[in-house]
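coords_15.txt follows (compact mmCIF, C-alpha atoms):
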# COMPACT_ATOMS: atom_id res chain seq x y z
CA MET O 1 0.00 0.00 0.00
CA VAL O 2 1.30 3.47 -0.90
CA ASN O 3 2.06 5.68 2.10
CA PRO O 4 -0.35 8.66 1.75
CA TRP O 5 1.95 10.90 3.80
CA LEU O 6 4.86 10.50 1.37
CA ALA O 7 5.10 12.81 -1.62
CA MET O 8 6.91 10.33 -3.89
CA ALA O 9 7.90 6.70 -3.96
CA SER O 10 11.57 5.75 -4.13
CA GLY O 11 12.89 5.98 -7.67
CA ALA O 12 10.24 8.38 -8.96
CA ASP O 13 11.32 11.27 -11.18
CA PRO O 14 11.12 14.58 -9.25
CA ALA O 15 11.04 16.66 -12.44
CA GLU O 16 8.08 14.75 -13.84
CA ARG O 17 6.30 14.88 -10.49
CA SER O 18 6.86 18.62 -10.30
CA ARG O 19 5.38 19.17 -13.77
CA THR O 20 2.36 16.99 -12.99
CA MET O 21 1.61 18.70 -9.70
CA GLY O 22 2.28 22.14 -11.20
CA GLY O 23 -0.37 21.53 -13.84
CA ALA O 24 -2.80 20.21 -11.24
CA HIS O 25 -2.17 23.24 -9.03
CA SER O 26 -2.84 25.66 -11.90
CA ALA O 27 -6.07 23.84 -12.74
CA PHE O 28 -7.21 23.96 -9.13
CA VAL O 29 -6.45 27.66 -8.78
CA SER O 30 -8.27 28.52 -12.01
CA ASP O 31 -11.39 26.34 -11.76
CA GLY O 32 -11.33 24.58 -8.37
CA VAL O 33 -11.05 21.09 -9.88
CA VAL O 34 -8.58 18.69 -8.25
CA SER O 35 -6.81 16.17 -10.45
CA PRO O 36 -6.99 12.53 -9.28
CA ARG O 37 -3.17 12.55 -9.40
CA VAL O 38 -3.09 14.85 -6.37
CA ARG O 39 -2.73 13.05 -3.06
CA ALA O 40 -5.85 13.26 -0.90
CA VAL O 41 -3.92 14.89 1.95
CA VAL O 42 -2.73 17.63 -0.43
CA ALA O 43 -6.09 18.08 -2.17
CA GLU O 44 -7.85 18.58 1.16
CA SER O 45 -5.18 21.04 2.26
CA TRP O 46 -5.53 23.02 -1.00
CA ARG O 47 -9.26 23.31 -0.35
CA ARG O 48 -8.68 24.51 3.21
CA SER O 49 -6.10 27.01 1.97
CA ALA O 50 -8.28 28.36 -0.84
CA ALA O 51 -11.13 28.94 1.61
CA VAL O 52 -9.15 31.36 3.79
CA LEU O 53 -6.34 32.83 1.67
CA PRO O 54 -6.61 35.68 -0.85
CA GLY O 55 -4.81 33.91 -3.69
CA PRO O 56 -2.09 31.42 -4.62
CA GLU O 57 0.83 33.85 -4.23
CA PHE O 58 1.47 35.79 -1.02
CA MET O 59 3.90 36.31 1.87
CA ALA O 60 3.38 34.53 5.17
CA PRO O 61 2.93 37.15 7.93
CA VAL O 62 5.65 37.82 10.50
CA GLU O 63 4.06 38.26 13.94
CA LEU O 64 6.93 38.05 16.44
CA THR O 65 10.24 39.89 16.20
CA ASP O 66 13.22 40.89 18.31
CA ASP O 67 12.70 40.92 22.11
CA GLU O 68 9.13 39.62 21.89
CA LEU O 69 10.31 36.61 19.88
CA ASP O 70 13.24 35.99 22.23
CA ARG O 71 11.00 36.03 25.32
CA TYR O 72 8.51 33.71 23.70
CA ARG O 73 11.18 31.22 22.64
CA ARG O 74 12.86 31.16 26.04
CA THR O 75 9.65 30.16 27.81
CA HIS O 76 8.37 27.71 25.20
CA PRO O 77 8.50 24.00 26.16
CA LEU O 78 10.32 23.14 22.93
CA ALA O 79 13.30 25.27 24.01
CA ARG O 80 14.26 22.31 26.20
CA VAL O 81 14.68 19.99 23.23
CA MET O 82 16.45 22.36 20.83
CA PRO O 83 19.93 21.01 21.76
CA LEU O 84 18.67 17.50 20.94
CA LEU O 85 17.07 18.63 17.67
CA ARG O 86 20.30 20.35 16.66
CA GLU O 87 22.26 17.22 17.54
CA LEU O 88 20.00 15.01 15.43
CA LEU O 89 19.41 17.36 12.50
CA GLY O 90 22.21 19.91 12.81
CA THR O 91 24.51 18.18 10.34
CA ILE O 92 21.76 18.17 7.75
CA ALA O 93 20.96 21.82 8.44
CA ASP O 94 24.61 22.85 8.04
CA ASP O 95 25.23 21.04 4.74
CA GLY O 96 24.27 24.02 2.60
CA ALA O 97 21.12 22.40 1.21
CA HIS O 98 18.65 22.14 4.10
CA LEU O 99 17.07 24.06 6.93
CA LEU O 100 15.99 22.87 10.36
CA ALA O 101 12.80 24.63 11.48
CA VAL O 102 10.76 24.33 14.67
CA CYS O 103 7.36 25.97 15.14
CA ASP O 104 4.82 26.19 17.94
CA ALA O 105 1.33 24.69 17.88
CA ALA O 106 -0.05 27.81 16.14
CA GLY O 107 2.50 27.51 13.34
CA ARG O 108 4.77 30.35 14.49
CA MET O 109 8.34 29.64 13.47
CA LEU O 110 10.49 29.71 16.59
CA TRP O 111 13.80 28.59 15.11
CA VAL O 112 14.93 28.41 11.46
CA GLU O 113 18.55 27.28 11.26
CA GLY O 114 21.01 26.19 8.61
CA HIS O 115 23.55 27.46 6.10
CA ALA O 116 23.38 31.25 5.70
CA GLY O 117 22.88 30.98 1.93
CA VAL O 118 19.88 28.68 2.31
CA ARG O 119 18.41 30.90 5.01
CA ARG O 120 18.67 33.91 2.72
CA GLY O 121 16.67 32.03 0.11
CA ALA O 122 14.04 31.13 2.66
CA GLU O 123 13.81 34.74 3.85
CA ARG O 124 12.44 35.71 0.44
CA MET O 125 9.23 33.84 1.32
CA ASN O 126 9.26 34.87 5.02
CA PHE O 127 10.29 31.42 6.20
CA VAL O 128 11.89 33.08 9.20
CA PRO O 129 11.56 33.00 13.00
CA GLY O 130 8.39 34.74 14.10
CA ALA O 131 6.45 34.08 10.89
CA ARG O 132 3.13 32.18 10.82
CA TRP O 133 3.27 28.98 8.78
CA ASP O 134 0.02 27.32 9.74
CA GLU O 135 -2.27 26.58 6.77
CA ARG O 136 -4.53 29.57 7.47
CA HIS O 137 -1.62 31.95 6.90
CA ALA O 138 0.82 30.08 4.64
CA GLY O 139 -1.27 27.50 2.79
CA THR O 140 -0.25 23.89 2.24
CA ASN O 141 3.23 23.25 3.69
CA ALA O 142 4.75 20.46 5.76
CA PRO O 143 4.80 22.08 9.24
CA GLY O 144 1.42 23.75 8.75
CA THR O 145 -0.27 20.65 7.38
CA ALA O 146 1.38 18.44 10.03
CA LEU O 147 -0.17 20.69 12.68
CA ALA O 148 -3.57 20.74 10.96
CA LEU O 149 -3.73 16.94 10.77
CA ASP O 150 -1.57 16.12 13.81
CA HIS O 151 0.47 13.74 11.65
CA ALA O 152 3.89 13.69 10.03
CA VAL O 153 3.72 14.66 6.36
CA GLN O 154 5.92 15.46 3.39
CA ILE O 155 5.05 18.23 0.93
CA PHE O 156 6.85 18.27 -2.40
CA ALA O 157 7.59 21.39 -4.45
CA THR O 158 4.48 22.18 -6.52
CA GLU O 159 2.23 20.54 -3.92
CA HIS O 160 2.59 23.76 -1.92
CA TYR O 161 -0.44 25.99 -2.29
CA ASN O 162 1.63 29.19 -2.29
CA ARG O 163 3.57 29.52 -5.54
CA LEU O 164 6.38 31.36 -3.74
CA VAL O 165 7.08 28.18 -1.76
CA GLN O 166 7.02 25.77 -4.69
CA PRO O 167 10.82 25.71 -5.23
CA TRP O 168 11.09 23.96 -1.84
CA THR O 169 10.31 20.50 -0.48
CA CYS O 170 9.76 19.85 3.22
CA ALA O 171 8.93 17.13 5.74
CA ALA O 172 7.57 17.77 9.23
CA ALA O 173 6.27 15.89 12.25
CA PRO O 174 4.26 17.13 15.25
CA ILE O 175 5.72 17.08 18.77
CA HIS O 176 3.47 16.49 21.80
CA ASP O 177 3.74 16.91 25.52
CA PRO O 178 4.42 13.31 26.60
CA VAL O 179 2.33 13.65 29.78
CA THR O 180 -0.76 15.50 28.60
CA GLY O 181 -0.66 14.64 24.90
CA ARG O 182 -1.01 18.37 24.12
CA LEU O 183 0.36 19.47 20.73
CA LEU O 184 3.44 21.64 21.32
CA GLY O 185 4.55 22.29 17.74
CA ALA O 186 6.39 20.61 14.89
CA VAL O 187 9.91 19.92 13.66
CA ASP O 188 10.63 20.39 9.96
CA ILE O 189 13.40 19.96 7.45
CA THR O 190 13.20 22.05 4.30
CA GLY O 191 15.32 21.92 1.17
CA GLY O 192 15.26 20.87 -2.46
CA ASP O 193 13.78 17.96 -4.43
CA HIS O 194 16.23 15.50 -2.86
CA LEU O 195 14.08 15.60 0.29
CA ALA O 196 11.18 13.97 -1.54
CA GLY O 197 12.22 10.39 -0.70
CA PRO O 198 10.99 8.33 2.28
CA HIS O 199 14.15 9.03 4.29
CA SER O 200 13.24 12.64 5.17
CA LEU O 201 9.80 11.75 6.52
CA ALA O 202 11.23 8.88 8.58
CA LEU O 203 13.93 11.21 9.89
CA VAL O 204 11.56 13.89 11.20
CA GLN O 205 9.25 11.26 12.70
CA ALA O 206 12.15 9.69 14.60
CA THR O 207 13.36 13.12 15.69
CA ALA O 208 9.90 14.08 17.00
CA ARG O 209 9.70 10.83 18.98
CA ALA O 210 13.15 11.47 20.45
CA ALA O 211 12.08 14.98 21.46
CA GLU O 212 8.97 13.65 23.21
CA ALA O 213 11.05 11.05 25.03
CA HIS O 214 13.47 13.77 26.14
CA LEU O 215 10.61 15.86 27.51
CA THR O 216 9.68 13.01 29.86
CA THR O 217 12.94 13.61 31.72
CA ASP O 218 11.65 16.94 33.02
CA PRO O 219 11.79 16.77 36.83
CA ALA O 220 8.13 16.88 37.91
CA THR O 221 6.23 16.50 41.10
CA GLY O 222 5.62 12.80 40.53
CA HIS O 223 1.91 13.37 41.08
CA PRO O 224 -0.72 12.01 38.71
CA THR O 225 -1.85 14.46 36.03
CA LEU O 226 -5.29 15.06 34.55
CA SER O 227 -5.73 16.69 31.14
CA ALA O 228 -9.27 17.95 30.64
CA LEU O 229 -8.91 21.18 28.62
CA GLY O 230 -10.35 20.89 25.15
CA ARG O 231 -11.19 17.22 25.70
CA GLU O 232 -14.58 15.52 25.81
CA GLU O 233 -12.99 12.78 27.90
CA ALA O 234 -10.14 13.53 30.29
CA LEU O 235 -6.78 11.77 30.19
CA LEU O 236 -5.37 10.56 33.52
CA THR O 237 -1.64 9.84 33.62
CA THR O 238 -0.31 8.01 36.66
CA ASN O 239 2.80 5.86 37.20
CA GLY O 240 3.64 6.18 33.53
CA HIS O 241 0.28 4.85 32.36
CA ARG O 242 -2.43 6.78 30.52
CA LEU O 243 -6.10 6.17 31.09
CA ARG O 244 -8.85 7.76 29.02
CA LEU O 245 -11.84 8.29 31.28
CA SER O 246 -15.54 8.28 30.47
CA ARG O 247 -17.27 11.65 30.50
CA ARG O 248 -18.81 11.10 33.96
CA HIS O 249 -15.54 9.84 35.45
CA SER O 250 -13.78 12.82 33.86
CA GLU O 251 -16.21 15.15 35.63
CA ILE O 252 -15.77 13.42 39.00
CA LEU O 253 -11.96 13.49 38.95
CA THR O 254 -11.90 17.09 37.72
CA LEU O 255 -14.18 18.18 40.57
CA LEU O 256 -12.25 16.24 43.22
CA ALA O 257 -8.91 17.52 41.93
CA ALA O 258 -10.24 21.06 42.34
CA ASN O 259 -11.45 20.28 45.89
CA PRO O 260 -8.51 18.57 47.61
CA ALA O 261 -10.22 18.67 51.01
CA GLY O 262 -12.92 16.41 49.59
CA MET O 263 -16.65 16.60 48.85
CA THR O 264 -19.60 15.00 50.55
CA GLY O 265 -21.94 12.83 48.53
CA ASP O 266 -24.51 15.63 48.48
CA GLN O 267 -21.95 18.19 47.32
CA LEU O 268 -20.64 15.93 44.58
CA SER O 269 -24.16 14.99 43.46
CA LEU O 270 -25.15 18.67 43.24
CA ALA O 271 -22.02 19.48 41.20
CA LEU O 272 -22.70 16.58 38.82
CA TYR O 273 -26.48 16.49 38.50
CA GLY O 274 -27.70 19.85 39.77
CA GLU O 275 -31.10 20.07 41.41
CA ARG O 276 -32.71 17.23 39.51
CA PRO O 277 -33.51 14.24 41.74
CA VAL O 278 -30.98 11.44 41.34
CA PRO O 279 -30.98 8.35 43.60
CA PRO O 280 -27.84 8.20 45.81
CA VAL O 281 -27.17 4.73 44.44
CA THR O 282 -26.49 6.28 41.00
CA LEU O 283 -23.53 8.29 42.29
CA ARG O 284 -22.26 5.39 44.40
CA ALA O 285 -22.31 3.12 41.35
CA GLU O 286 -20.29 5.65 39.31
CA LEU O 287 -17.77 6.02 42.12
CA SER O 288 -17.50 2.26 42.49
CA ARG O 289 -16.72 1.89 38.78
CA LEU O 290 -14.20 4.72 38.96
CA ARG O 291 -12.49 3.15 41.98
CA ARG O 292 -12.02 -0.09 40.03
CA LEU O 293 -10.12 1.95 37.41
CA VAL O 294 -7.98 4.17 39.64
CA GLY O 295 -7.68 2.00 42.76
CA GLY O 296 -6.34 3.74 45.86
CA LEU O 297 -6.39 7.17 44.20
CA LEU O 298 -10.04 7.56 45.21
CA HIS O 299 -11.02 7.68 48.91
CA SER O 300 -14.41 8.19 50.54
CA ARG O 301 -15.96 9.88 53.62
CA PRO O 302 -15.62 12.48 52.23
CA TYR O 303 -14.93 11.64 48.62
CA ARG O 304 -11.39 12.83 47.91
CA LEU O 305 -8.17 11.98 46.11
CA SER O 306 -5.46 10.27 48.12
CA VAL O 307 -2.67 12.33 46.49
CA PRO O 308 -2.71 15.69 44.70
CA VAL O 309 -3.60 15.41 41.02
CA GLN O 310 -2.05 18.06 38.79
CA THR O 311 -4.57 19.34 36.24
CA ASP O 312 -4.00 21.41 33.12
CA ALA O 313 -6.77 23.76 34.28
CA ALA O 314 -4.85 24.42 37.51
CA ASP O 315 -1.67 24.92 35.46
CA VAL O 316 -3.40 27.75 33.58
CA GLU O 317 -4.45 29.33 36.88
CA ARG O 318 -0.90 29.12 38.26
CA GLU O 319 0.60 30.66 35.12
CA LEU O 320 -1.93 33.49 35.26
CA ALA O 321 -1.12 34.10 38.92
CA ALA O 322 2.60 34.20 38.07
CA GLY O 323 2.00 36.75 35.32
CA ASP O 324 2.94 34.32 32.55
CA LEU O 325 0.04 35.11 30.22
CA CYS O 326 1.57 33.56 27.09
CA GLY O 327 2.39 30.41 29.07
CA ALA O 328 -1.22 30.23 30.27
CA LEU O 329 -2.47 30.61 26.70
CA ARG O 330 -0.18 27.83 25.48
CA THR O 331 -1.41 25.53 28.24
CA TYR O 332 -5.06 26.38 27.56
CA ALA O 333 -5.94 23.76 24.97
CA GLY O 334 -9.61 24.70 24.97
CA PRO O 335 -12.65 24.89 27.28
CA LEU O 336 -12.74 22.52 30.23
CA LEU O 337 -14.59 19.30 29.26
CA PRO O 338 -16.50 21.32 26.62
CA GLN O 339 -19.39 18.85 26.22
CA SER O 340 -20.07 18.48 29.94
CA GLU O 341 -23.39 19.77 31.27
CA ALA O 342 -22.53 19.08 34.92
CA PRO O 343 -23.21 22.35 36.83
CA GLY O 344 -19.92 22.21 38.72
CA ILE O 345 -17.92 21.72 35.54
CA ARG O 346 -19.83 24.41 33.68
CA ARG O 347 -19.01 26.87 36.46
CA MET O 348 -15.31 25.95 36.46
CA ARG O 349 -15.22 26.16 32.66
CA ARG O 350 -16.83 29.62 32.58
CA LEU O 351 -14.65 31.04 35.37
CA LEU O 352 -11.40 29.85 33.79
CA GLU O 353 -12.28 31.12 30.32
CA ASP O 354 -13.47 34.48 31.67
CA ARG O 355 -10.33 34.91 33.76
CA LEU O 356 -8.03 34.11 30.88
CA ARG O 357 -9.90 36.23 28.36
CA ARG O 358 -9.97 39.20 30.72
CA ALA O 359 -6.21 38.89 31.28
CA VAL O 360 -5.70 38.92 27.51
CA LEU O 361 -7.82 42.03 27.05
CA VAL O 362 -6.32 44.09 29.88
CA GLY O 363 -2.73 43.06 29.19
CA ASP O 364 -2.39 44.86 25.83
CA ASP O 365 0.16 42.21 24.84
CA ALA O 366 -0.05 41.84 21.06
CA GLY O 367 1.37 38.32 21.18
CA ALA O 368 -1.19 37.17 23.75
CA LEU O 369 -4.03 38.87 21.88
CA GLN O 370 -2.93 37.17 18.68
CA LEU O 371 -2.80 33.75 20.37
CA TRP O 372 -6.37 34.18 21.62
CA ALA O 373 -7.66 35.64 18.34
CA ASP O 374 -6.23 32.74 16.33
CA SER O 375 -7.80 30.08 18.56
CA PRO O 376 -11.14 28.43 17.70
CA TRP O 377 -12.69 30.14 20.73
CA GLY O 378 -11.27 33.55 19.79
CA GLU O 379 -11.67 33.68 16.03
CA GLU O 380 -15.05 35.48 16.34
CA ASP O 381 -14.23 37.49 19.45
CA LEU O 382 -14.68 41.02 18.06
CA GLU O 383 -13.50 42.75 21.24
CA VAL O 384 -10.19 40.85 21.14
CA TRP O 385 -9.65 41.52 17.42
CA GLU O 386 -10.30 45.24 17.93
CA ARG O 387 -7.95 45.38 20.91
CA LEU O 388 -5.30 43.54 18.86
CA LEU O 389 -5.67 46.07 16.05
CA ALA O 390 -5.31 48.96 18.51
CA THR O 391 -2.22 47.36 20.08
CA LEU O 392 -0.31 46.59 16.87
CA PRO O 393 2.16 49.23 15.68
CA GLU O 394 1.27 50.99 12.45
CA ASP O 395 4.10 49.28 10.57
CA ALA O 396 3.23 45.72 11.70
CA ARG O 397 3.35 43.49 8.64
CA HIS O 398 0.09 41.72 9.39
CA ARG O 399 -1.84 44.78 10.54
CA GLY O 400 -3.85 44.83 7.30
CA ARG O 401 -5.01 41.25 7.82
CA VAL O 402 -6.04 41.99 11.40
CA ALA O 403 -7.90 45.14 10.31
CA ALA O 404 -9.74 43.19 7.62
CA ARG O 405 -10.76 40.47 10.07
CA ALA O 406 -11.99 43.01 12.63
CA GLY O 407 -13.95 44.78 9.89
CA ARG O 408 -15.62 41.59 8.75
CA LEU O 409 -16.60 40.73 12.33
CA ARG O 410 -18.03 44.22 12.91
CA ALA O 411 -20.12 43.90 9.77
CA THR O 412 -21.31 40.42 10.77
CA PHE O 413 -22.37 41.51 14.25
CA ALA O 414 -24.07 44.63 12.86
CA GLN O 415 -26.06 42.48 10.46
CA ARG O 416 -27.08 40.12 13.26
CA GLY O 417 -28.22 43.11 15.29
CA GLU O 418 -30.43 44.28 12.42
CA ASP O 419 -31.94 40.82 12.08
Output the structure of this file as structure tokens.
Amino acid sequence: MVNPWLAMASGADPAERSRTMGGAHSAFVSDGVVSPRVRAVVAESWRRSAAVLPGPEFMAPVELTDDELDRYRRTHPLARVMPLLRELLGTIADDGAHLLAVCDAAGRMLWVEGHAGVRRGAERMNFVPGARWDERHAGTNAPGTALALDHAVQIFATEHYNRLVQPWTCAAAPIHDPVTGRLLGAVDITGGDHLAGPHSLALVQATARAAEAHLTTDPATGHPTLSALGREEALLTTNGHRLRLSRRHSEILTLLAANPAGMTGDQLSLALYGERPVPPVTLRAELSRLRRLVGGLLHSRPYRLSVPVQTDAADVERELAAGDLCGALRTYAGPLLPQSEAPGIRRMRRLLEDRLRRAVLVGDDAGALQLWADSPWGEEDLEVWERLLATLPEDARHRGRVAARAGRLRATFAQRGED
């Protein structure tokens, strides 16, 4: 079976492949028809790109520069693995034909390294630190598409949506937090047609796995962790094992983790079911099933956890309290158990989101505002987009895009008001 994530099989002719894909790209741009010769992963990415980008030739926006970029890189989790990435890919990046690039989960390039001559070529398409290379801002490309699909992928030359990028070939793989599973970013190698073989994809996949393994060496508290932000079902990690919980068990552990002194049966029932009458045996049965899964972690009289459980929601709170707004935004993977209707969870979810959003608005930090605005929960937040526009300097390269987005949102909300 052909690997759908590979651009070309071993032995294929890059020149012929480039011509074929170039013709298919031109046909797609002109009439929206995708040739059957285009890989499905590329065809779907072209469609996503065409839906949000102004045309097939443009410059990716640069959003972070100078001191702001330096501060962001220093505090990013992937800074810990950069020595390892350089060790594994540095020789390739220094050979005069390739670049090593690492981006965050939003597609912002944090590091772009390699031979100075190759870097100068990449600068002509804004493939530089601080630039946005997710699909929404740069079209089909290996790091952006790897982030969109959460899978390693190779993008060959004329498979790129942006014509300015079509002289290049790249392969990228996502990197995750090994404890929470949260997407941290991607590692990429970019160069010429010689990268189109299977070796480059295998190399970035192995490098990403090595980076994730290295991140597990971070000295931590040793406590179990619970990841519930942006998840319908929480992920409990304890003693090196991961356990995906049911929705009800996710709610129970999230509530107990937030109440370390414990909760009575009545308190827990009210937080889970609200005022509707529920027989006490219903809650006891759920707790009995949960205890079979987590063993001695769950105690009773009152219901409590036997050891502290570190949650990603509490991590966001701690980072906010420490003044690390960008760190809190990176940790915030989405609303707390977004499908839960349990009153206690809904209250926690609303309070956390309100606290974080308010910190973004009052902070006047363009980087933090941009992180919120680019998230699924911030993409229609008119107040944030307007504050971002007011915060950006007049000469910011992506100010026009932000102004256009704010204008579209104002018009949309005005129309809704008229209706």
Excluding O:Ala138 and residues on its chain fewer than 6 positions from it, collect all residues at most 9 Å away from it, counting all atoms listed in the file, and give them as number ranges by chain.
O: 49, 53, 58-61, 132, 144, 161-162
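If only C-alpha atoms are the atoms counted, then among O:Ala261, O:Gly295, O:Asp365, O:Leu229 the closest residue to O:Gln339 is O:Leu229.
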Computed interatomic separation between atom CA of O:Ser340 and atom CA of O:Arg248 (Å)
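Between atom CA of O:Ser340 and atom CA of O:Arg248 the gap is 8.5 Å.
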Residue contacts of O:Trp377 (12 Å, all atoms listed in the file) excluding same-chain residues fewer than 6 positions away, as number ranges by chain
O: 230, 329, 332-335, 338, 353-354, 356-357, 371, 384
Compare O:Gln267, O:Gln154, O:Gln370, O:Gln415 by their minimum atom-to-atom distance to O:Ala106, counting all atoms listed in the file, and give me the closest one.
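Checking each candidate against O:Ala106, we get O:Gln370 as the closest.
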Pairwise distance for atom CA of O:Ser10 and atom CA of O:Gly22, rounded to one decimal in Å:
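According to the coordinates, atom CA of O:Ser10 and atom CA of O:Gly22 are separated by 20.1 Å.
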Find the spatial neighbours of O:Gly181, counting all atoms listed in the file, within a cut-off of 9 Å - ignore same-chain residues fewer than 4 positions away - and output them as a PyMOL selection string.
chain O and resi 176-177+227+235
One decimal place gives the atom CA of O:Arg304-atom CA of O:Arg289 separation as 15.2 Å
Need to verify the contact set: stretch 77-86 of chain O, 10 Å, only C-alpha atoms, exclusion of same-chain residues closer than 2 positions in sequence. Can you return it as a short mmCIF file (atom, residue, chain, number, x, y, z; two decimals) with C-alpha atoms, in the frame of the given file?
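What ended up in result-v2.cif:
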data_model
loop_
_atom_site.label_atom_id
_atom_site.label_comp_id
_atom_site.auth_asym_id
_atom_site.auth_seq_id
_atom_site.Cartn_x
_atom_site.Cartn_y
_atom_site.Cartn_z
CA TYR O 72 8.51 33.71 23.70
CA ARG O 73 11.18 31.22 22.64
CA ARG O 74 12.86 31.16 26.04
CA THR O 75 9.65 30.16 27.81
CA LEU O 88 20.00 15.01 15.43
CA LEU O 89 19.41 17.36 12.50
CA GLY O 90 22.21 19.91 12.81
CA THR O 91 24.51 18.18 10.34
CA ILE O 92 21.76 18.17 7.75
CA ALA O 93 20.96 21.82 8.44
CA ASP O 94 24.61 22.85 8.04
CA LEU O 100 15.99 22.87 10.36
CA ALA O 101 12.80 24.63 11.48
CA VAL O 102 10.76 24.33 14.67
CA CYS O 103 7.36 25.97 15.14
CA ASP O 104 4.82 26.19 17.94
CA LEU O 110 10.49 29.71 16.59
CA TRP O 111 13.80 28.59 15.11
CA GLU O 113 18.55 27.28 11.26
CA GLY O 114 21.01 26.19 8.61
CA ILE O 175 5.72 17.08 18.77
CA HIS O 176 3.47 16.49 21.80
CA ASP O 177 3.74 16.91 25.52
CA LEU O 184 3.44 21.64 21.32
CA GLY O 185 4.55 22.29 17.74
CA ALA O 186 6.39 20.61 14.89
CA VAL O 187 9.91 19.92 13.66
CA VAL O 204 11.56 13.89 11.20
CA THR O 207 13.36 13.12 15.69
CA ALA O 208 9.90 14.08 17.00
CA ALA O 210 13.15 11.47 20.45
CA ALA O 211 12.08 14.98 21.46
CA GLU O 212 8.97 13.65 23.21
CA ALA O 213 11.05 11.05 25.03
CA HIS O 214 13.47 13.77 26.14
CA LEU O 215 10.61 15.86 27.51
CA ASP O 218 11.65 16.94 33.02
CA GLY O 327 2.39 30.41 29.07
CA ARG O 330 -0.18 27.83 25.48
#
List every protein, DNA or RNA residue with an atom no more than 12 Å from (23.8, 30.8, 7.6) in the file's coordinates, counting all atoms listed in the file, and format the result as a PyMOL selection string.
chain O and resi 93-100+112-123
Determine, counting all atoms listed in the file, which protein, DNA and RNA residues have an atom within 8 Å of an atom of stretch 25-36 of chain O; residues of the same chain fewer than 2 positions away are not included. Present the result as an MDAnalysis selection string.
chainID O and resid 21:23 38:39 43 56 158:159 161
